[in-house]
$ cat structure04.pdb   # PDB, C-alpha atoms
ATOM      1  CA  MET A  19     101.113  95.145 -24.532
ATOM      2  CA  SER A  20      98.234  97.135 -23.047
ATOM      3  CA  ASN A  21      97.150 100.496 -24.476
ATOM      4  CA  TRP A  22      97.294 101.974 -20.980
ATOM      5  CA  HIS A  23     100.885 100.808 -20.414
ATOM      6  CA  VAL A  24     102.223 103.064 -23.176
ATOM      7  CA  GLY A  25      99.839 105.868 -22.215
ATOM      8  CA  LEU A  26     101.040 105.970 -18.599
ATOM      9  CA  LEU A  27     104.696 106.017 -19.655
ATOM     10  CA  CYS A  28     103.958 109.094 -21.791
ATOM     11  CA  LEU A  29     102.723 111.033 -18.772
ATOM     12  CA  CYS A  30     106.256 112.025 -17.796
ATOM     13  CA  HIS A  31     107.196 113.222 -21.335
ATOM     14  CA  GLN A  32     109.794 110.463 -21.566
ATOM     15  CA  THR A  33     111.453 109.657 -24.862
ATOM     16  CA  ARG A  34     110.388 106.634 -26.859
ATOM     17  CA  GLU A  35     113.613 104.782 -26.009
ATOM     18  CA  ARG A  36     113.300 105.586 -22.295
ATOM     19  CA  GLN A  37     109.675 104.400 -22.236
ATOM     20  CA  ALA A  38     110.556 101.140 -24.023
ATOM     21  CA  SER A  39     113.517 100.498 -21.749
ATOM     22  CA  GLU A  40     111.572 101.007 -18.523
ATOM     23  CA  PHE A  41     108.614  99.008 -19.784
ATOM     24  CA  ILE A  42     110.769  96.076 -20.901
ATOM     25  CA  GLN A  43     112.699  96.108 -17.622
ATOM     26  CA  GLY A  44     109.473  95.937 -15.634
ATOM     27  CA  GLN A  45     108.049  93.187 -17.797
ATOM     28  CA  LEU A  46     111.257  91.140 -17.573
ATOM     29  CA  THR A  47     111.177  91.319 -13.798
ATOM     30  CA  LEU A  48     107.554  90.146 -13.660
ATOM     31  CA  SER A  49     108.067  87.496 -16.350
ATOM     32  CA  ASN A  50     111.142  86.023 -14.732
ATOM     33  CA  TYR A  51     109.418  85.930 -11.397
ATOM     34  CA  TYR A  52     106.257  84.224 -12.626
ATOM     35  CA  TYR A  53     107.229  82.425 -15.814
ATOM     36  CA  GLY A  54     111.022  82.304 -15.951
ATOM     37  CA  ARG A  55     111.179  83.665 -19.521
ATOM     38  CA  GLU A  56     111.225  86.915 -21.498
ATOM     39  CA  ALA A  57     107.716  88.415 -22.063
ATOM     40  CA  VAL A  58     108.380  91.600 -24.127
ATOM     41  CA  LYS A  59     110.671  92.347 -27.061
ATOM     42  CA  GLN A  60     111.923  95.688 -28.375
ATOM     43  CA  SER A  61     110.558  94.898 -31.848
ATOM     44  CA  TRP A  62     107.048  94.662 -30.432
ATOM     45  CA  ILE A  63     107.248  98.134 -28.972
ATOM     46  CA  ASP A  64     108.746  99.522 -32.196
ATOM     47  CA  GLU A  65     105.843  98.078 -34.172
ATOM     48  CA  TYR A  66     103.386  99.549 -31.666
ATOM     49  CA  TYR A  67     104.868 103.030 -32.099
ATOM     50  CA  GLN A  68     104.897 102.665 -35.868
ATOM     51  CA  VAL A  69     101.146 101.978 -35.919
ATOM     52  CA  ILE A  70     100.516 104.997 -33.691
ATOM     53  CA  SER A  71     102.615 107.226 -35.951
ATOM     54  CA  GLN A  72     100.758 106.086 -39.079
ATOM     55  CA  ASN A  73      97.240 106.460 -37.651
ATOM     56  CA  TYR A  74      97.549 109.296 -35.143
ATOM     57  CA  THR A  75     100.746 111.232 -36.082
ATOM     58  CA  ASN A  76     101.915 111.376 -32.462
ATOM     59  CA  ILE A  77     101.333 109.785 -29.063
ATOM     60  CA  SER A  78      99.365 112.779 -27.756
ATOM     61  CA  ASN A  79      96.728 112.391 -30.469
ATOM     62  CA  TYR A  80      96.594 108.663 -29.760
ATOM     63  CA  LEU A  81      95.912 109.185 -26.056
ATOM     64  CA  THR A  82      93.248 111.788 -26.737
ATOM     65  CA  ARG A  83      91.360 110.036 -29.550
ATOM     66  CA  GLU A  84      91.782 106.333 -28.878
ATOM     67  CA  LEU A  85      91.950 106.250 -25.065
ATOM     68  CA  ASN A  86      89.764 109.311 -24.417
ATOM     69  CA  PHE A  87      92.584 110.670 -22.240
ATOM     70  CA  PRO A  88      93.015 114.364 -23.199
ATOM     71  CA  VAL A  89      95.796 116.713 -22.146
ATOM     72  CA  ALA A  90      93.802 118.201 -19.264
ATOM     73  CA  LYS A  91      93.278 114.817 -17.622
ATOM     74  CA  ARG A  92      96.935 113.890 -18.154
ATOM     75  CA  GLU A  93      98.126 117.115 -16.529
ATOM     76  CA  GLN A  94      95.786 116.611 -13.574
ATOM     77  CA  LEU A  95      97.080 113.058 -13.109
ATOM     78  CA  LYS A  96     100.696 114.250 -13.207
ATOM     79  CA  ALA A  97      99.940 116.985 -10.692
ATOM     80  CA  ARG A  98      98.474 114.394  -8.336
ATOM     81  CA  TYR A  99     101.271 111.781  -8.416
ATOM     82  CA  LEU A 100     104.528 113.330  -9.720
ATOM     83  CA  VAL A 101     107.155 115.189  -7.670
ATOM     84  CA  SER A 102     110.612 116.541  -8.498
ATOM     85  CA  THR A 103     113.685 114.272  -8.403
ATOM     86  CA  ASP A 104     116.024 116.843  -6.824
ATOM     87  CA  GLY A 105     115.316 115.565  -3.307
ATOM     88  CA  LYS A 106     112.898 118.401  -2.475
ATOM     89  CA  ASN A 107     109.811 116.447  -3.667
ATOM     90  CA  THR A 108     108.319 119.568  -5.210
ATOM     91  CA  PRO A 109     104.782 118.821  -6.537
ATOM     92  CA  TYR A 110     104.323 118.921 -10.292
ATOM     93  CA  SER A 111     102.967 122.277 -11.465
ATOM     94  CA  SER A 112     100.450 122.383 -14.301
ATOM     95  CA  ALA A 113      98.309 125.034 -15.928
ATOM     96  CA  TYR A 114      95.369 122.628 -15.692
ATOM     97  CA  THR A 115      95.467 122.207 -11.910
ATOM     98  CA  THR A 116      92.769 124.157 -10.230
ATOM     99  CA  THR A 117      93.234 126.066  -7.002
ATOM    100  CA  LYS A 118      90.396 127.346  -4.925
ATOM    101  CA  PRO A 119      90.441 131.133  -4.745
ATOM    102  CA  SER A 120      90.785 132.558  -1.292
ATOM    103  CA  PRO A 121      87.680 134.334  -0.110
ATOM    104  CA  SER A 122      87.979 138.066  -0.457
ATOM    105  CA  VAL A 123      86.926 140.315   2.386
ATOM    106  CA  PRO A 124      84.567 143.030   1.162
ATOM    107  CA  ALA A 125      85.940 146.488   1.683
ATOM    108  CA  THR A 126      84.086 148.615   4.184
ATOM    109  CA  PRO A 127      82.965 151.807   2.473
ATOM    110  CA  ALA A 128      83.961 155.020   4.154
ATOM    111  CA  PRO A 129      81.040 156.957   5.620
ATOM    112  CA  SER A 130      80.046 159.860   3.441
ATOM    113  CA  THR A 131      78.132 162.951   4.360
ATOM    114  CA  PRO A 132      74.975 163.179   2.242
ATOM    115  CA  LYS A 133      74.656 166.399   0.313
ATOM    116  CA  PRO A 134      71.271 168.083   0.014
ATOM    117  CA  ALA A 135      69.642 167.396  -3.315
ATOM    118  CA  THR A 136      69.578 170.320  -5.676
ATOM    119  CA  PRO A 137      66.118 170.747  -7.194
ATOM    120  CA  ALA A 138      66.066 170.530 -10.959
ATOM    121  CA  PRO A 139      65.198 173.758 -12.761
ATOM    122  CA  VAL A 140      61.620 173.937 -13.951
ATOM    123  CA  THR A 141      61.354 174.533 -17.677
ATOM    124  CA  LYS A 142      58.217 175.984 -19.125
ATOM    125  CA  PRO A 143      56.814 174.295 -22.233
ATOM    126  CA  SER A 144      57.515 176.239 -25.353
ATOM    127  CA  THR A 145      54.461 177.470 -27.211
ATOM    128  CA  ALA A 146      56.354 178.415 -30.357
ATOM    129  CA  THR A 147      55.920 176.166 -33.386
ATOM    130  CA  THR A 148      59.128 175.275 -35.235
ATOM    131  CA  VAL A 149      59.020 174.393 -38.895
ATOM    132  CA  THR A 150      61.788 172.124 -40.208
ATOM    133  CA  GLU A 151      62.546 171.414 -43.826
ATOM    134  CA  ALA A 152      62.986 167.938 -45.227
ATOM    135  CA  GLY A 153      66.558 166.762 -45.715
ATOM    136  CA  GLN A 154      67.967 168.324 -42.544
ATOM    137  CA  GLY A 155      68.100 165.065 -40.580
ATOM    138  CA  ASP A 156      64.674 165.465 -38.981
ATOM    139  CA  THR A 157      62.060 162.770 -39.373
ATOM    140  CA  ILE A 158      58.826 164.028 -40.855
ATOM    141  CA  LYS A 159      55.828 162.046 -39.713
ATOM    142  CA  PRO A 160      53.260 161.369 -42.426
ATOM    143  CA  ALA A 161      49.923 163.017 -41.966
ATOM    144  CA  LYS A 162      47.215 160.764 -40.583
ATOM    145  CA  LYS A 163      44.584 159.669 -43.081
ATOM    146  CA  ALA A 164      41.155 161.066 -42.441
ATOM    147  CA  LYS A 165      38.647 158.503 -41.297
ATOM    148  CA  LYS A 166      36.362 157.452 -44.133
ATOM    149  CA  THR A 167      32.674 157.865 -43.402
ATOM    150  CA  VAL A 168      30.198 156.092 -45.686
ATOM    151  CA  LYS A 169      26.502 156.965 -45.648
ATOM    152  CA  ILE A 170      23.988 155.090 -47.813
ATOM    153  CA  THR A 171      21.457 157.543 -49.273
ATOM    154  CA  ALA A 172      19.522 155.298 -51.699
ATOM    155  CA  THR A 173      19.203 151.564 -52.499
ATOM    156  CA  LYS A 174      17.318 149.644 -55.181
ATOM    157  CA  LYS A 175      17.193 146.034 -56.333
ATOM    158  CA  ARG A 176      18.234 144.986 -59.813
ATOM    159  CA  HIS A 177      17.951 141.666 -61.636
ATOM    160  CA  THR A 178      20.080 141.371 -64.758
ATOM    161  CA  LYS A 179      21.540 138.500 -66.709
ATOM    162  CA  TYR A 180      25.183 137.446 -66.593
ATOM    163  CA  ILE A 181      26.229 139.982 -69.211
ATOM    164  CA  TYR A 182      28.846 142.017 -67.313
ATOM    165  CA  ARG A 183      32.565 141.839 -66.715
ATOM    166  CA  LEU A 184      34.692 143.662 -64.135
ATOM    167  CA  LYS A 185      37.704 145.820 -64.924
ATOM    168  CA  GLY A 186      40.982 144.340 -63.740
ATOM    169  CA  HIS A 187      42.959 145.350 -60.660
ATOM    170  CA  LYS A 188      40.133 147.416 -59.100
ATOM    171  CA  VAL A 189      39.193 147.635 -55.413
ATOM    172  CA  TRP A 190      35.988 145.865 -54.361
ATOM    173  CA  PHE A 191      34.275 145.224 -51.033
ATOM    174  CA  LYS A 192      32.401 142.531 -49.132
ATOM    175  CA  ASP A 193      29.694 144.758 -47.621
ATOM    176  CA  ALA A 194      27.448 147.664 -48.572
ATOM    177  CA  HIS A 195      29.136 150.033 -46.100
ATOM    178  CA  LEU A 196      32.504 149.437 -47.800
ATOM    179  CA  LYS A 197      34.260 148.546 -44.523
ATOM    180  CA  HIS A 198      35.699 145.142 -45.479
ATOM    181  CA  SER A 199      37.821 145.069 -48.624
ATOM    182  CA  LYS A 200      38.119 141.977 -50.834
ATOM    183  CA  GLY A 201      41.402 143.208 -52.239
ATOM    184  CA  LYS A 202      41.473 143.846 -55.974
ATOM    185  CA  THR A 203      39.882 142.201 -58.983
ATOM    186  CA  ALA A 204      41.900 139.950 -61.281
ATOM    187  CA  LYS A 205      43.827 141.666 -64.061
ATOM    188  CA  SER A 206      42.359 139.542 -66.850
ATOM    189  CA  ALA A 207      39.046 138.204 -65.540
ATOM    190  CA  LYS A 208      36.761 136.278 -67.894
ATOM    191  CA  THR A 209      34.067 135.619 -65.304
ATOM    192  CA  LYS A 210      30.612 136.860 -66.167
ATOM    193  CA  TRP A 211      28.610 138.742 -63.542
ATOM    194  CA  ARG A 212      25.066 139.989 -63.019
ATOM    195  CA  ILE A 213      23.853 143.001 -61.026
ATOM    196  CA  THR A 214      21.568 142.302 -58.048
ATOM    197  CA  LYS A 215      21.539 145.628 -56.201
ATOM    198  CA  GLN A 216      22.511 149.270 -56.611
ATOM    199  CA  GLU A 217      23.194 151.886 -53.926
ATOM    200  CA  THR A 218      24.033 155.572 -53.809
ATOM    201  CA  VAL A 219      26.462 156.512 -51.041
ATOM    202  CA  LYS A 220      28.213 159.589 -49.673
ATOM    203  CA  ILE A 221      31.889 159.045 -48.866
ATOM    204  CA  ASN A 222      33.137 161.992 -46.817
ATOM    205  CA  GLY A 223      30.423 164.124 -48.447
ATOM    206  CA  LYS A 224      31.071 162.954 -52.043
ATOM    207  CA  LYS A 225      28.435 160.945 -53.917
ATOM    208  CA  ALA A 226      29.221 157.637 -55.619
ATOM    209  CA  THR A 227      27.272 154.703 -57.029
ATOM    210  CA  TYR A 228      28.173 151.116 -56.108
ATOM    211  CA  LEU A 229      26.770 147.900 -57.583
ATOM    212  CA  LYS A 230      26.376 144.513 -55.966
ATOM    213  CA  VAL A 231      27.486 141.853 -58.486
ATOM    214  CA  GLN A 232      27.165 138.048 -58.413
ATOM    215  CA  ASP A 233      28.775 135.295 -60.502
ATOM    216  CA  ASN A 234      27.510 131.827 -61.434
ATOM    217  CA  HIS A 235      28.944 130.389 -58.192
ATOM    218  CA  HIS A 236      26.956 132.915 -56.092
ATOM    219  CA  HIS A 237      30.054 134.888 -55.092
ATOM    220  CA  THR A 238      29.059 138.493 -54.399
ATOM    221  CA  ALA A 239      30.899 141.797 -54.041
ATOM    222  CA  TRP A 240      30.353 145.572 -54.075
ATOM    223  CA  ILE A 241      32.238 147.574 -56.681
ATOM    224  CA  LEU A 242      32.145 151.080 -58.124
ATOM    225  CA  LYS A 243      29.701 151.366 -61.013
ATOM    226  CA  LYS A 244      32.270 152.592 -63.542
ATOM    227  CA  TYR A 245      34.281 149.380 -63.068
ATOM    228  CA  VAL A 246      31.354 147.216 -64.289
ATOM    229  CA  VAL A 247      31.377 146.849 -68.102
ATOM    230  CA  LYS A 248      28.572 145.359 -70.176
ATOM    231  CA  ILE A 249      29.630 142.649 -72.604
ATOM    232  CA  LYS A 250      28.933 143.487 -76.217
ATOM    233  CA  GLN A 251      26.473 141.058 -77.767
TER     234      GLN A 251
END
$ encode --input "structure04.pdb" --output "structure tokens"
Amino acid sequence: MSNWHVGLLCLCHQTRERQASEFIQGQLTLSNYYYGREAVKQSWIDEYYQVISQNYTNISNYLTRELNFPVAKREQLKARYLVSTDGKNTPYSSAYTTTKPSPSVPATPAPSTPKPATPAPVTKPSTATTVTEAGQGDTIKPAKKAKKTVKITATKKRHTKYIYRLKGHKVWFKDAHLKHSKGKTAKSAKTKWRITKQETVKINGKKATYLKVQDNHHHTAWILKKYVVKIKQ
């Protein structure tokens, strides 16, 4: 018994007994014509339905999963071939059948008389300064940081031994003009440094002394003098 035989009988929502009866009757007619013997038994169909019930619960799941024949395709097939049996031959109606929408005629807009545009009132910019307090729902923009200006006033070379350590978590720089930061020193650094150069600078008018330090691997940096500590001998 072919998978498609049972599937096609299910298209008309027939009962299991009705499907088996019609299928057997058709097979008997063909068998008697060609072979002269019975080709299908009721027990075979019962066993077929039993397997479907065990593995797929119902015939609809079987058609969808096993035969890749979902409900939409079944409804479209019924709409194409089935008609009513009341003598009127009414085509089968399905929610899955698609009908082409009739083209809609665009409505012709009624002519309108354009009204003269009313000029917008000119508002003068207010010169008054309003002061708002924090916490009233207004956003207070942070004040812009003043640009740092660094001017080198004095420089001298120094040659010391590796007898210095740097304080932890302090800002240091890559260049003498203090434009490129190296981040911050390690919190617990054990590296020994030596001083190779010293400079006096003015940062926004304030004097400060920076030292150029170097480790055994020739890594260099500029750091504030008070962050360089001499190791006790």
$ atom_distance --input "structure04.pdb" --atom1 "atom CA of Lys215 of chain A" --atom2 "atom CA of Arg176 of chain A"
4.9 Å
$ residues_around --input "structure04.pdb" --residues "Glu217 of chain A" --least-positions-apart "6" --cutoff "6 Å" --atoms "all atoms listed in the file" --output "list in words"
Ala172, Thr173, Thr227 and Tyr228 of chain A
$ closest_residue --input "structure04.pdb" --among "A:Leu184, A:Ile221, A:Val69, A:Val231" --to "Lys165 of chain A" --atoms "only C-alpha atoms"
A:Ile221
$ residues_around --input "structure04.pdb" --residues "Gly223 of chain A" --least-positions-apart "6" --cutoff "12 Å" --atoms "all atoms listed in the file" --output "PDB file with C-alpha atoms, in the frame of the given file"
ATOM      1  CA  LYS A 166      36.362 157.452 -44.133  1.00  0.00           C
ATOM      2  CA  THR A 167      32.674 157.865 -43.402  1.00  0.00           C
ATOM      3  CA  VAL A 168      30.198 156.092 -45.686  1.00  0.00           C
ATOM      4  CA  LYS A 169      26.502 156.965 -45.648  1.00  0.00           C
ATOM      5  CA  ILE A 170      23.988 155.090 -47.813  1.00  0.00           C
ATOM      6  CA  THR A 171      21.457 157.543 -49.273  1.00  0.00           C
TER       7      THR A 171
END
$ resolve_selection --input "structure04.pdb" --expression "the PyMOL selection byres ((chain A and resi 237) around 12)" --output "MDAnalysis selection string"
chainID A and resid 191:192 200 209:214 230:236 238:240
